[in-house]
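data19.txt (compact mmCIF, C-alpha atoms) appears below.
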# COMPACT_ATOMS: atom_id res chain seq x y z
CA MET E 1 58.10 -137.81 60.40
CA GLN E 2 57.06 -134.98 62.69
CA ARG E 3 55.07 -137.42 64.82
CA ILE E 4 58.09 -139.71 65.23
CA LEU E 5 60.33 -136.78 66.16
CA LYS E 6 57.84 -135.55 68.76
CA SER E 7 57.54 -139.03 70.30
CA ALA E 8 61.35 -139.34 70.40
CA LEU E 9 61.61 -136.00 72.24
CA VAL E 10 59.01 -137.15 74.79
CA ALA E 11 60.93 -140.38 75.35
CA LEU E 12 64.18 -138.45 75.74
CA TRP E 13 62.60 -136.11 78.27
CA PHE E 14 61.33 -139.06 80.33
CA MET E 15 64.82 -140.59 80.20
CA VAL E 16 66.34 -137.40 81.62
CA LEU E 17 63.72 -137.15 84.38
CA THR E 18 63.95 -140.77 85.50
CA PHE E 19 67.68 -141.35 84.99
CA PRO E 20 68.70 -140.74 88.65
CA LEU E 21 65.93 -143.04 89.88
CA LEU E 22 66.25 -145.93 87.43
CA ALA E 23 69.83 -145.94 86.24
CA ILE E 24 71.79 -145.26 89.44
CA LYS E 25 71.77 -147.69 92.35
CA ILE E 26 73.94 -146.79 95.36
CA ASN E 27 74.94 -149.38 97.95
CA PRO E 28 75.89 -147.44 101.12
CA VAL E 29 77.24 -150.57 102.85
CA SER E 30 79.81 -151.47 100.24
CA LYS E 31 80.09 -147.87 99.00
CA THR E 32 79.57 -148.89 95.39
CA VAL E 33 77.54 -147.47 92.55
CA SER E 34 75.93 -149.72 89.94
CA TRP E 35 74.44 -148.54 86.66
CA HIS E 36 71.28 -149.94 85.07
CA PHE E 37 71.06 -148.43 81.61
CA ASP E 38 68.81 -151.27 80.43
CA ARG E 39 65.93 -149.96 82.58
CA VAL E 40 66.20 -146.49 81.09
CA ALA E 41 66.33 -147.95 77.57
CA MET E 42 63.21 -150.07 78.19
CA LEU E 43 61.39 -147.04 79.58
CA ALA E 44 62.41 -144.96 76.56
CA VAL E 45 61.09 -147.58 74.13
CA GLY E 46 57.80 -147.89 76.04
CA ILE E 47 57.30 -144.12 76.24
CA PHE E 48 58.13 -143.74 72.54
CA VAL E 49 55.48 -146.31 71.54
CA LEU E 50 52.87 -144.82 73.89
CA ALA E 51 53.55 -141.26 72.71
CA LEU E 52 53.31 -142.38 69.09
CA GLY E 53 49.97 -144.06 69.71
CA TRP E 54 48.74 -141.12 71.80
CA ASP E 55 49.55 -138.59 69.06
CA TRP E 56 47.91 -140.79 66.43
CA CYS E 57 44.71 -141.07 68.49
CA PHE E 58 44.53 -137.32 69.06
CA SER E 59 45.15 -136.54 65.40
CA ARG E 60 42.18 -138.74 64.43
CA LYS E 61 40.02 -137.22 67.15
CA ASN E 62 40.84 -133.65 66.06
CA ARG E 63 39.86 -134.52 62.49
CA GLY E 64 36.50 -135.84 63.68
CA LEU E 65 37.35 -139.46 62.94
CA PRO E 66 36.70 -142.34 65.34
CA VAL E 67 39.80 -143.44 67.23
CA PHE E 68 38.98 -147.12 66.87
CA SER E 69 36.59 -148.18 64.12
CA LEU E 70 35.37 -151.58 62.99
CA PRO E 71 34.32 -152.61 59.49
CA GLN E 72 30.79 -151.53 58.60
CA ASN E 73 29.41 -155.07 58.32
CA ILE E 74 30.74 -155.99 61.78
CA THR E 75 29.31 -152.78 63.26
CA ALA E 76 25.92 -153.51 61.69
CA ARG E 77 25.90 -157.05 63.08
CA MET E 78 26.87 -155.86 66.56
CA SER E 79 24.12 -153.22 66.46
CA ALA E 80 21.57 -155.83 65.37
CA ILE E 81 22.65 -158.14 68.19
CA ALA E 82 22.46 -155.31 70.74
CA ASN E 83 18.94 -154.37 69.59
CA ASN E 84 17.68 -157.96 69.60
CA MET E 85 15.16 -157.95 72.47
CA ALA E 86 14.99 -161.75 72.70
CA LEU E 87 18.75 -161.99 73.05
CA ARG E 88 18.79 -159.17 75.63
CA ARG E 89 16.13 -160.93 77.71
CA ALA E 90 18.01 -164.24 77.48
CA SER E 91 21.25 -162.50 78.58
CA LEU E 92 19.43 -160.85 81.47
CA PHE E 93 17.97 -164.17 82.64
CA PHE E 94 21.42 -165.76 82.37
CA ILE E 95 23.03 -163.01 84.48
CA VAL E 96 20.29 -163.20 87.09
CA GLY E 97 20.56 -166.99 87.22
CA ALA E 98 24.34 -166.82 87.59
CA LEU E 99 24.02 -164.30 90.44
CA VAL E 100 21.41 -166.42 92.22
CA ALA E 101 23.48 -169.61 91.91
CA MET E 102 26.80 -167.93 92.72
CA PRO E 103 26.98 -168.63 96.51
CA LEU E 104 25.90 -172.24 95.97
CA THR E 105 28.77 -172.94 93.60
CA SER E 106 31.55 -170.72 94.97
CA SER E 107 33.67 -170.48 98.08
CA LEU E 108 33.03 -168.27 101.10
CA TYR E 109 35.77 -165.91 99.94
CA GLN E 110 34.16 -165.43 96.53
CA THR E 111 30.78 -164.80 98.14
CA ASN E 112 32.24 -162.12 100.42
CA ILE E 113 33.85 -160.38 97.46
CA MET E 114 30.58 -160.43 95.55
CA ILE E 115 28.73 -158.98 98.55
CA SER E 116 31.14 -156.04 98.58
CA ALA E 117 30.72 -155.58 94.82
CA LEU E 118 26.93 -155.60 95.07
CA LEU E 119 27.02 -153.10 97.94
CA TYR E 120 29.06 -150.74 95.78
CA VAL E 121 26.61 -151.27 92.91
CA MET E 122 23.87 -150.14 95.28
CA LEU E 123 25.92 -147.12 96.41
CA ALA E 124 26.85 -146.13 92.86
CA LEU E 125 23.24 -146.33 91.72
CA GLY E 126 22.20 -144.14 94.65
CA LEU E 127 24.84 -141.54 93.78
CA ASN E 128 23.76 -141.80 90.16
CA ILE E 129 20.48 -140.14 91.16
CA VAL E 130 22.30 -137.06 92.47
CA VAL E 131 25.18 -136.87 89.98
CA GLY E 132 23.88 -138.66 86.90
CA LEU E 133 20.26 -137.54 86.84
CA ALA E 134 20.33 -134.23 88.74
CA GLY E 135 23.85 -133.17 87.75
CA GLN E 136 24.85 -132.18 91.31
CA LEU E 137 28.53 -132.99 91.97
CA VAL E 138 28.80 -134.62 95.41
CA LEU E 139 32.18 -135.59 96.88
CA GLY E 140 31.08 -136.65 100.36
CA TYR E 141 28.72 -139.50 99.57
CA ALA E 142 30.48 -141.86 101.99
CA ALA E 143 29.06 -139.75 104.83
CA PHE E 144 25.54 -141.07 104.15
CA TYR E 145 27.00 -144.58 103.96
CA ALA E 146 28.51 -144.02 107.41
CA VAL E 147 25.23 -142.67 108.78
CA GLY E 148 23.44 -145.87 107.84
CA ALA E 149 26.15 -148.10 109.29
CA TYR E 150 26.41 -146.18 112.56
CA THR E 151 22.62 -146.05 112.87
CA TYR E 152 22.59 -149.81 113.14
CA GLY E 153 25.65 -149.96 115.39
CA ILE E 154 24.46 -147.27 117.84
CA LEU E 155 20.84 -148.43 118.00
CA PHE E 156 21.95 -151.98 118.70
CA GLN E 157 24.57 -150.99 121.24
CA HIS E 158 22.38 -148.58 123.23
CA PHE E 159 18.82 -149.79 122.56
CA GLY E 160 19.22 -153.42 121.49
CA LEU E 161 17.43 -153.01 118.16
CA GLY E 162 17.97 -155.68 115.51
CA PHE E 163 18.80 -155.58 111.83
CA TRP E 164 15.28 -155.46 110.43
CA ALA E 165 14.26 -152.63 112.74
CA CYS E 166 17.39 -150.62 111.91
CA LEU E 167 17.25 -151.15 108.12
CA PRO E 168 14.45 -148.61 107.47
CA LEU E 169 15.76 -146.35 110.23
CA GLY E 170 19.16 -146.23 108.53
CA GLY E 171 17.49 -144.97 105.36
CA VAL E 172 15.44 -142.43 107.32
CA PHE E 173 18.45 -140.99 109.16
CA ALA E 174 20.44 -140.85 105.91
CA VAL E 175 17.56 -138.93 104.29
CA LEU E 176 17.54 -136.47 107.19
CA PHE E 177 21.27 -135.91 106.78
CA GLY E 178 20.77 -135.54 103.02
CA LEU E 179 18.12 -132.88 103.57
CA GLY E 180 20.39 -131.21 106.13
CA LEU E 181 23.10 -131.02 103.49
CA GLY E 182 20.69 -130.00 100.75
CA PHE E 183 19.30 -126.87 102.41
CA PRO E 184 22.62 -124.95 102.72
CA VAL E 185 23.75 -125.79 99.17
CA LEU E 186 20.56 -124.91 97.28
CA ARG E 187 22.22 -121.94 95.56
CA LEU E 188 25.56 -123.63 94.94
CA ARG E 189 26.61 -125.48 91.82
CA GLY E 190 29.70 -126.94 90.18
CA ASP E 191 33.00 -126.76 92.04
CA TYR E 192 31.51 -124.85 94.98
CA LEU E 193 28.95 -127.58 95.58
CA ALA E 194 31.68 -130.24 95.37
CA ILE E 195 33.82 -128.42 97.97
CA VAL E 196 30.90 -128.06 100.39
CA THR E 197 29.91 -131.72 100.09
CA LEU E 198 33.55 -132.72 100.54
CA GLY E 199 33.63 -130.71 103.77
CA PHE E 200 30.37 -132.31 104.89
CA GLY E 201 31.84 -135.78 104.43
CA GLU E 202 34.91 -134.88 106.47
CA ILE E 203 32.74 -133.31 109.22
CA VAL E 204 30.77 -136.55 109.55
CA ARG E 205 33.93 -138.69 109.62
CA LEU E 206 35.68 -136.50 112.20
CA SER E 207 32.53 -136.38 114.33
CA LEU E 208 32.37 -140.16 114.35
CA GLN E 209 36.06 -140.31 115.22
CA ASN E 210 35.91 -137.84 118.14
CA TRP E 211 32.48 -138.50 119.65
CA SER E 212 33.79 -141.45 121.62
CA ASP E 213 30.90 -141.70 124.08
CA LEU E 214 28.39 -142.40 121.31
CA THR E 215 30.34 -143.87 118.41
CA GLY E 216 33.30 -145.49 120.16
CA GLY E 217 35.74 -143.11 118.47
CA PRO E 218 38.59 -144.66 116.45
CA ALA E 219 37.91 -148.03 118.10
CA GLY E 220 34.49 -148.14 116.43
CA ILE E 221 31.62 -150.47 117.33
CA ALA E 222 32.15 -154.23 117.44
CA ASN E 223 29.99 -157.35 117.79
CA ILE E 224 27.19 -156.02 115.59
CA PRO E 225 24.83 -158.94 114.95
CA ARG E 226 24.15 -160.31 111.51
CA PRO E 227 20.53 -160.41 110.30
CA GLY E 228 18.47 -163.25 111.68
CA LEU E 229 16.30 -165.73 109.83
CA PHE E 230 13.14 -166.36 111.89
CA GLY E 231 15.21 -167.01 115.01
CA VAL E 232 17.35 -169.73 113.39
CA ASP E 233 21.03 -169.73 114.37
CA LEU E 234 23.10 -169.67 111.19
CA SER E 235 26.72 -170.67 110.75
CA LEU E 236 29.24 -168.24 109.31
CA GLU E 237 28.83 -169.69 105.82
CA GLY E 238 25.04 -169.77 106.08
CA SER E 239 24.92 -166.22 107.40
CA THR E 240 27.18 -165.00 104.58
CA THR E 241 24.95 -166.68 102.00
CA TYR E 242 21.88 -165.13 103.63
CA ILE E 243 23.44 -161.64 103.53
CA TYR E 244 24.40 -162.22 99.89
CA TYR E 245 20.79 -162.86 98.91
CA LEU E 246 19.68 -159.83 100.95
CA VAL E 247 22.13 -157.59 99.10
CA LEU E 248 21.16 -159.13 95.76
CA ALA E 249 17.47 -158.44 96.47
CA ALA E 250 18.36 -154.89 97.55
CA VAL E 251 20.24 -154.32 94.27
CA PHE E 252 17.31 -155.62 92.22
CA LEU E 253 14.96 -153.34 94.16
CA THR E 254 17.33 -150.39 93.62
CA VAL E 255 17.47 -151.02 89.87
CA LEU E 256 13.68 -151.33 89.69
CA VAL E 257 13.02 -148.15 91.68
CA ILE E 258 15.62 -146.02 89.90
CA GLY E 259 14.48 -147.33 86.52
CA ARG E 260 10.92 -146.26 87.31
CA LEU E 261 12.11 -142.99 88.81
CA ARG E 262 14.17 -142.04 85.76
CA ASN E 263 11.13 -141.77 83.48
CA SER E 264 8.73 -140.39 86.07
CA ARG E 265 7.83 -136.72 86.53
CA VAL E 266 10.45 -136.38 89.25
CA GLY E 267 13.09 -138.06 87.09
CA LEU E 268 12.35 -135.82 84.11
CA ALA E 269 12.57 -132.78 86.41
CA LEU E 270 15.96 -134.02 87.65
CA LYS E 271 17.18 -134.36 84.06
CA ALA E 272 15.95 -130.85 83.28
CA LEU E 273 17.86 -129.58 86.32
CA ARG E 274 20.99 -131.30 85.03
CA GLU E 275 20.73 -129.83 81.53
CA ASP E 276 19.97 -126.19 82.40
CA GLU E 277 19.06 -124.92 85.85
CA ILE E 278 17.80 -121.54 84.61
CA ALA E 279 15.61 -123.05 81.89
CA CYS E 280 14.35 -125.62 84.39
CA GLU E 281 13.21 -122.87 86.75
CA ALA E 282 11.69 -120.91 83.85
CA MET E 283 9.54 -123.95 83.00
CA GLY E 284 7.94 -123.72 86.42
CA ILE E 285 9.88 -126.47 88.21
CA ASN E 286 10.50 -125.83 91.90
CA LEU E 287 14.30 -126.01 92.14
CA MET E 288 14.36 -126.25 95.93
CA ARG E 289 12.00 -129.22 95.95
CA ILE E 290 13.78 -131.03 93.13
CA LYS E 291 17.27 -130.56 94.60
CA LEU E 292 16.14 -131.72 98.02
CA SER E 293 14.43 -134.71 96.39
CA ALA E 294 17.69 -135.63 94.66
CA PHE E 295 19.71 -135.45 97.88
CA ALA E 296 17.06 -137.35 99.82
CA LEU E 297 16.66 -140.14 97.25
CA GLY E 298 20.40 -140.54 96.75
CA SER E 299 21.25 -140.61 100.46
CA CYS E 300 18.44 -143.06 101.22
CA TRP E 301 20.12 -145.90 99.31
CA ALA E 302 23.45 -145.12 100.93
CA GLY E 303 21.79 -145.47 104.35
CA PHE E 304 20.36 -148.88 103.44
CA ALA E 305 23.76 -150.01 102.12
CA GLY E 306 25.43 -148.81 105.33
CA VAL E 307 23.14 -150.92 107.51
CA ILE E 308 23.83 -154.01 105.40
CA PHE E 309 27.56 -153.28 105.49
CA ALA E 310 27.53 -153.09 109.29
CA ALA E 311 25.65 -156.39 109.44
CA LYS E 312 28.14 -158.02 107.05
CA THR E 313 31.35 -156.93 108.78
CA THR E 314 29.93 -156.92 112.38
CA PHE E 315 32.45 -154.11 113.05
CA ILE E 316 32.57 -150.48 111.91
CA ASN E 317 34.93 -147.57 112.53
CA PRO E 318 35.46 -144.17 110.85
CA SER E 319 38.32 -145.43 108.67
CA SER E 320 35.78 -147.44 106.63
CA PHE E 321 34.14 -144.24 105.33
CA THR E 322 36.91 -142.01 104.02
CA PHE E 323 37.12 -139.55 101.16
CA MET E 324 38.65 -142.26 98.97
CA ASP E 325 35.42 -144.26 99.26
CA SER E 326 33.48 -141.25 98.00
CA CYS E 327 35.94 -140.85 95.12
CA MET E 328 35.64 -144.53 94.24
CA ILE E 329 31.83 -144.38 94.15
CA LEU E 330 31.94 -141.22 92.03
CA SER E 331 34.43 -142.91 89.69
CA MET E 332 31.96 -145.75 89.19
CA VAL E 333 29.26 -143.29 88.12
CA VAL E 334 31.59 -141.43 85.75
CA LEU E 335 33.17 -144.58 84.30
CA GLY E 336 29.84 -146.32 83.78
CA GLY E 337 28.08 -143.34 82.26
CA MET E 338 26.16 -140.70 84.19
CA GLY E 339 22.46 -141.49 84.15
CA SER E 340 22.92 -145.07 82.95
CA ILE E 341 21.84 -147.89 85.27
CA SER E 342 23.51 -150.77 83.44
CA GLY E 343 26.73 -148.83 82.85
CA VAL E 344 27.09 -147.80 86.49
CA ALA E 345 26.45 -151.37 87.66
CA ILE E 346 29.08 -152.73 85.23
CA ALA E 347 31.63 -150.11 86.29
CA ALA E 348 31.05 -150.85 89.98
CA MET E 349 31.59 -154.56 89.42
CA ILE E 350 34.77 -153.91 87.42
CA LEU E 351 36.32 -151.49 89.92
CA ILE E 352 35.64 -153.78 92.90
CA LEU E 353 36.24 -157.22 91.39
CA ALA E 354 39.24 -156.41 89.17
CA PRO E 355 41.65 -155.56 92.05
CA GLU E 356 40.68 -158.79 93.82
CA TYR E 357 41.28 -161.01 90.81
CA LEU E 358 44.40 -159.15 89.65
CA ARG E 359 46.37 -159.18 92.89
CA ALA E 360 49.54 -159.90 90.91
CA PHE E 361 49.41 -156.26 89.78
CA SER E 362 48.50 -154.85 93.21
CA GLU E 363 51.54 -152.53 93.21
CA TYR E 364 50.37 -150.89 90.01
CA ARG E 365 46.64 -150.88 90.78
CA MET E 366 46.27 -147.13 91.32
CA LEU E 367 48.50 -146.37 88.32
CA ILE E 368 46.33 -148.56 86.06
CA PHE E 369 43.17 -147.09 87.59
CA GLY E 370 44.34 -143.53 86.92
CA LEU E 371 45.37 -144.38 83.36
CA ILE E 372 41.98 -145.94 82.63
CA MET E 373 40.14 -142.89 83.99
CA VAL E 374 42.28 -140.49 81.94
CA LEU E 375 41.72 -142.50 78.74
CA MET E 376 37.98 -142.67 79.44
CA MET E 377 37.73 -138.92 79.98
CA ILE E 378 39.58 -138.22 76.73
CA PHE E 379 38.21 -140.81 74.32
CA ARG E 380 34.81 -141.70 75.83
CA PRO E 381 33.66 -138.99 78.24
CA GLN E 382 30.07 -140.30 78.17
CA GLY E 383 31.18 -143.50 79.96
CA LEU E 384 30.92 -147.18 79.13
CA VAL E 385 27.18 -146.96 78.52
CA SER E 386 25.77 -143.55 77.74
CA GLY E 387 22.58 -142.55 79.52
CA GLU E 388 19.55 -143.94 77.72
CA LYS E 389 17.31 -141.30 76.20
CA LEU E 390 13.62 -141.47 75.44
CA THR E 391 12.75 -141.36 71.75
CA TYR E 392 9.39 -140.33 70.39
CA ARG E 393 8.11 -141.46 67.02
CA ILE E 394 6.49 -138.27 65.78
CA SER E 395 5.84 -139.68 62.32
CA ALA E 396 3.78 -142.55 63.73
CA LEU E 397 1.72 -140.14 65.85
CA LEU E 398 1.09 -137.88 62.84
CA ALA E 399 0.06 -140.84 60.69
CA LYS E 400 -2.33 -141.98 63.39
CA GLY E 401 -3.79 -138.49 63.60
CA LYS E 402 -4.26 -138.30 59.84
CA GLY E 403 -5.93 -141.69 59.80
CA GLY E 404 -8.31 -140.62 62.56
CA ALA E 405 -9.10 -137.38 60.71
CA ALA E 406 -9.81 -139.29 57.51

Starting from the file, lay out its structure as structure tokens.
Amino acid sequence: MQRILKSALVALWFMVLTFPLLAIKINPVSKTVSWHFDRVAMLAVGIFVLALGWDWCFSRKNRGLPVFSLPQNITARMSAIANNMALRRASLFFIVGALVAMPLTSSLYQTNIMISALLYVMLALGLNIVVGLAGQLVLGYAAFYAVGAYTYGILFQHFGLGFWACLPLGGVFAVLFGLGLGFPVLRLRGDYLAIVTLGFGEIVRLSLQNWSDLTGGPAGIANIPRPGLFGVDLSLEGSTTYIYYLVLAAVFLTVLVIGRLRNSRVGLALKALREDEIACEAMGINLMRIKLSAFALGSCWAGFAGVIFAAKTTFINPSSFTFMDSCMILSMVVLGGMGSISGVAIAAMILILAPEYLRAFSEYRMLIFGLIMVLMMIFRPQGLVSGEKLTYRISALLAKGKGGAA
């Protein structure tokens, strides 16, 4: 009964707050006032149901119970399916095959959307090194993305260099900028680090906007060439398909490198830095080297993605690399699960593809996005897929040792 009363009070409070906006409609031309009590009633019913469900979820969470639970037999079957290696390999081959065949079976519009989604997968995986593995909160990641894109645009405009020459250079310049950001923030952590990186991203954007002689200012750089294929002139559709396969190969390479990095000595040092910086230093890990490695590795992939983005759009300007882009990439890492490769990739695909395929709800896109993020932070703060952890079978090692001793 108390829960119902509390939900009714919440609904009543929302009715009072929104009454002037929803119930009263003034027509200044005819000087009439019309009343829409039905809107307020519908809002009250919706808020009442949501508040009731919200209170029920929190009561279960406070008692240590799962908010949503399935029967034990269904949970066991789902766990067995998830741990079936043959099924996981078959699913992986199916996904890879679908991605490879996608531009051959879809329209040019669908291919362009998928290119954007794969670019953001690449960016989110790069930021996952800094935020997910190293635990360093960065809010200006779009700056490295802009460095890569403008590296290609400026080098082509002033020196005539092509895509393949600028692709590694974009990564190199992004690494230099990452190291330049890493040195001043070596002793910062948490909110202070986030504020500094946010300022760095805005410095880069404003520099690109005001340095008109080099970057073109707000007008940007146009007529950037797409990547060539052994001197063959490609049509728009052929060039888009070619860029799609380049981005797909870049994503596969990113997944492979980050997967190997995560369990390497550097990756384990990054995880130690994330868990406890003081204990990490006490274990003999060089914090300066590890932090700079995190910034360099993370910014490198953003530089590569920026070069590919410039080649895809053939036009860049500072408005393509705003703070909202950094927030979106960070949201992908948080939503997918910090440290998880598969989770971050899934979250990036959802956050980029869902707005395109749900254009009927475009007016409520940010509202739905905010609601999803709030619910994720409350009920599943570890993300869609929690970061995979290494497990060691101590009992098997002990049994092997006893057998050898016998």

Quiz item: Using all atoms listed in the file, which residues sit within 12 Å of Val100 (chain E) once same-chain residues fewer than 3 positions away are excluded, as a ChimeraX atom specification?
Solution: /E:93-97,103-106,111,114,241-242,244-249,252

Please dump the current selection as a PDB file, keeping the file's coordinate frame; keep C-alpha atoms.
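Below is the file that was written, out-v8.pdb:
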ATOM      1  CA  PHE E  93      17.970-164.170  82.640  1.00  0.00           C
ATOM      2  CA  PHE E  94      21.420-165.760  82.370  1.00  0.00           C
ATOM      3  CA  ILE E  95      23.030-163.010  84.480  1.00  0.00           C
ATOM      4  CA  VAL E  96      20.290-163.200  87.090  1.00  0.00           C
ATOM      5  CA  GLY E  97      20.560-166.990  87.220  1.00  0.00           C
ATOM      6  CA  PRO E 103      26.980-168.630  96.510  1.00  0.00           C
ATOM      7  CA  LEU E 104      25.900-172.240  95.970  1.00  0.00           C
ATOM      8  CA  THR E 105      28.770-172.940  93.600  1.00  0.00           C
ATOM      9  CA  SER E 106      31.550-170.720  94.970  1.00  0.00           C
ATOM     10  CA  THR E 111      30.780-164.800  98.140  1.00  0.00           C
ATOM     11  CA  MET E 114      30.580-160.430  95.550  1.00  0.00           C
ATOM     12  CA  THR E 241      24.950-166.680 102.000  1.00  0.00           C
ATOM     13  CA  TYR E 242      21.880-165.130 103.630  1.00  0.00           C
ATOM     14  CA  TYR E 244      24.400-162.220  99.890  1.00  0.00           C
ATOM     15  CA  TYR E 245      20.790-162.860  98.910  1.00  0.00           C
ATOM     16  CA  LEU E 246      19.680-159.830 100.950  1.00  0.00           C
ATOM     17  CA  VAL E 247      22.130-157.590  99.100  1.00  0.00           C
ATOM     18  CA  LEU E 248      21.160-159.130  95.760  1.00  0.00           C
ATOM     19  CA  ALA E 249      17.470-158.440  96.470  1.00  0.00           C
ATOM     20  CA  PHE E 252      17.310-155.620  92.220  1.00  0.00           C
TER      21      PHE E 252
END

Edge lengths and centre in Å to one decimal, as AutoDock Vina command-line options, is what I'm after for the box along x, y and z that holds all listed atoms of region 241-248 of chain E once 3 Å is added on each side.
--center_x 22.3 --center_y -162.1 --center_z 99.7 --size_x 11.3 --size_y 15.1 --size_z 13.9

Exercise. Between E:Leu108, E:Val10, E:Ala272, E:Leu335, single out the one closest to Glu237 (chain E), counting all atoms listed in the file.
Key: E:Leu108

Practice problem: State, in Å with one decimal place, the distance from CA of Arg39 (chain E) to CA of Thr18 (chain E). | Solution: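 So the two atoms, CA of Arg39 (chain E) and CA of Thr18 (chain E), lie 9.8 Å apart.
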
Practice problem: Could you jot down the CA of Arg189 (chain E) to CA of Gln136 (chain E) separation for me, Å, one decimal place? | Solution: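 Atom-to-atom, CA of Arg189 (chain E) to CA of Gln136 (chain E), that is 6.9 Å.
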
Exercise. For region 171-188 of chain E, please output as a VMD selection string all residues within 7 Å (counting all atoms listed in the file; exclusion window: fewer than 3 positions along the same chain).
Key: chain E and resid 144 147 to 148 167 to 168 192 to 193 288 292 295 to 296 299 to 301 303 to 304

Exercise. Take the point (25.8, -133.7, 84.9) as written in the file and pick out every residue within 12 Å of it, counting all atoms listed in the file; give the list as a PyMOL selection string.
Key: chain E and resi 127-138+189-190+270-277+333-334+337-340+381-382+387

Exercise. Starting from the point (49.6, -138.7, 66.4), work out which residues of protein, DNA or RNA have an atom no more than 12 Å away when counting all atoms listed in the file; state them as a VMD selection string.
Key: chain E and resid 1 to 7 48 to 63 67

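Considering the residues E:Leu214, E:Ser331, E:Asn112, E:Ile285 and counting only C-alpha atoms, Gly238 (chain E) has its shortest atom-to-atom contact with E:Asn112.
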
Self-check item: Point-to-point distance from CA of Ile346 (chain E) to CA of Ser91 (chain E), Å rounded to tenths
Solution: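 Rounded to one decimal, the two atoms are 14.2 Å apart.
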
Quiz item: Of the candidates E:Gly284, E:Gly220, E:Gly298, E:Pro225, which one gets nearest to Thr314 (chain E) if we count all atoms listed in the file?
Solution: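 Looking at the shortest contact to Thr314 (chain E), the residue is E:Pro225.
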
Practice problem: Could you check which of E:Ile243, E:Tyr141, E:Pro218, E:Leu261 is closest to Phe163 (chain E), using only C-alpha atoms? | Solution: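 Closest to Phe163 (chain E) of all the choices is E:Ile243.
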
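Between Thr215 (chain E) and the candidates E:Phe379, E:Phe200, E:Tyr109, E:Phe315, the tightest atom-to-atom separation, counting all atoms listed in the file, involves E:Phe315.
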